[in-house]
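Everything below concerns the one structure shown next.
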Amino acid sequence: MQRRQSLESVYILPEDSSQALLVGRVWSKAAGGPCPVIVRNGTLCDLTGISPTVSGLFELDNLAERLMADESLPALGTLDQFLSGEAGHLLAPIDLQAVKAAGVTFADSMLERVIEEQAKGDAGRAQAIREKLAPVLGDSLRGLVAGSEQAAKVKTLLQDMGLWSQYLEVGIGPDAEIFTKAQPMSSVTCGDSVGIHPISQWNNPEPEIVLAVRSDGKIIGATLGNDVNLRDVEGRSALLLGKAKDNNASCSIGPFVRLFHGSFTMDVLRKVRVSLLVRGEDDFEMTGESPMEAISRAPENLVAQLRNRNHQYPDGAVLFLGTMFAPVKDRRGAGLGFTHEVGDRVEIATPTLGRLVNWVDRTDACPEWTFGTRALFRNLAQRGLLDKA
């Protein structure tokens, strides 16, 4: 279910795209393979001469300054030509990086994870449990800083009440939940289908900010992500996290990584508001907005728990920062909450990073992921680029 033809560049780019350093990746018909690119006035310029992989590109020191200074980059075509398929198509703006995610980092979604656990994956039981737990947990958790002395006191209180949960442990305890969301190069991007496993009857999008992290742990930029989640599968058992999270086309990233440069800084990123729009073929519509300021752990803390002396990523990584969205708007009936239907259009947006647009399909109906690391290096070898990788 590929629908790139319905998108235009002005719709997916940041509002201040003329001042933004936007790095991405495309499959170029002219080049015969994947190319790192930078967006310049609506044109995608080839960065292959600097590095044939985004992973290698992000390892370069003073990358933003280098890209700003180089005015001789060859054009591959306009963004609209890639969105229409004329010049090729967009790829997720990463390649060899590990794709990691932090879970349970916002109080509202933390509460919903506890509800999933209590409901054992049964959407029909969720509302009754929500009404029981929300007054207690909601008041206790809102504004709480994970790992703080106050968080430890709340943990003791909730344990005494018999309300402690493994989700609260990673939500407000000292150790964050960091998991592998997808394999390198398996992510889809803006305009692609995202997949829902056919066994799932209770699932949702998870709109998130995604950090681009170098191998040395330096955060160099950010993009948008959809950490598609199967609530019924994870609700049955937290040990099914891999089945709930890592499926064909279940990870969407993009459309571009915005490098920290000029007015775009980590302090700006901390204050962004991420919006969500789901519009179904059944005329169902759901909207919401998530402020990054509500996160319970600083992005730098999450990166430090991801990459440290005990755990390295030599090709770099991207890190989903978690979501406060756990949609509860009824769709299939009273008290059943939200779940996706095939054909849903999902938009995740913020003015500084643009808009990530996908359509929902079943994982077994989405195009299979076939272009892995071996395929990439074969392609680079055929194009005489392997020695630069």
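We label chains A, B, ... in the order they appear in the structure tokens, count residues from 1 in each chain, and number ligands from 1 in the order shown.
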Exercise. What's the 10 Å shell around Gln118 of chain A, counting only C-alpha atoms, without same-chain residues fewer than 5 positions away, as a PyMOL selection string?
Worked result: chain A and resi 112-113+125-126+129-130+165+235-236
Exercise. Neighbours of segment 48-61 of chain A within 8 Å (only C-alpha atoms; same-chain residues fewer than 2 positions away dropped), as a list in words?
Worked result: Gly24, Arg25, Cys35, Pro36, Val37, Asp46, Leu63, Pro93, Ile94, Asp95, Leu96, Gln97, Arg214, Ser215, Ile220, Asp315, Gly316, Leu380, Leu385, Lys388 and Ala389 of chain A
For this session: From segment 85-219 of chain A, collect each residue whose DSSP state is strand (DSSP E) and return the set as a PyMOL selection string.
Result: chain A and resi 88-91+98-103+177-182+193-196+203-204+207-213+219
For this session: Step one, run DSSP on the backbone; step two, keep only residues of segment 36-198 of chain A assigned to alpha helix (DSSP H); then write them as JSON, numbers by chain.
Result: {"A": [54, 55, 56, 57, 58, 63, 64, 65, 66, 67, 68, 69, 79, 80, 81, 82, 83, 107, 108, 109, 110, 111, 112, 113, 114, 115, 116, 117, 118, 119, 123, 124, 125, 126, 127, 128, 129, 130, 131, 132, 133, 139, 140, 141, 149, 150, 151, 152, 153, 154, 155, 156, 157, 158, 159, 160, 166, 167, 168, 169, 170, 171, 172]}
For this session: Take atom CA of Cys251 of chain A and atom CA of Ser17 of chain A and report the distance between them in Å, one decimal.
Result: 24.4 Å
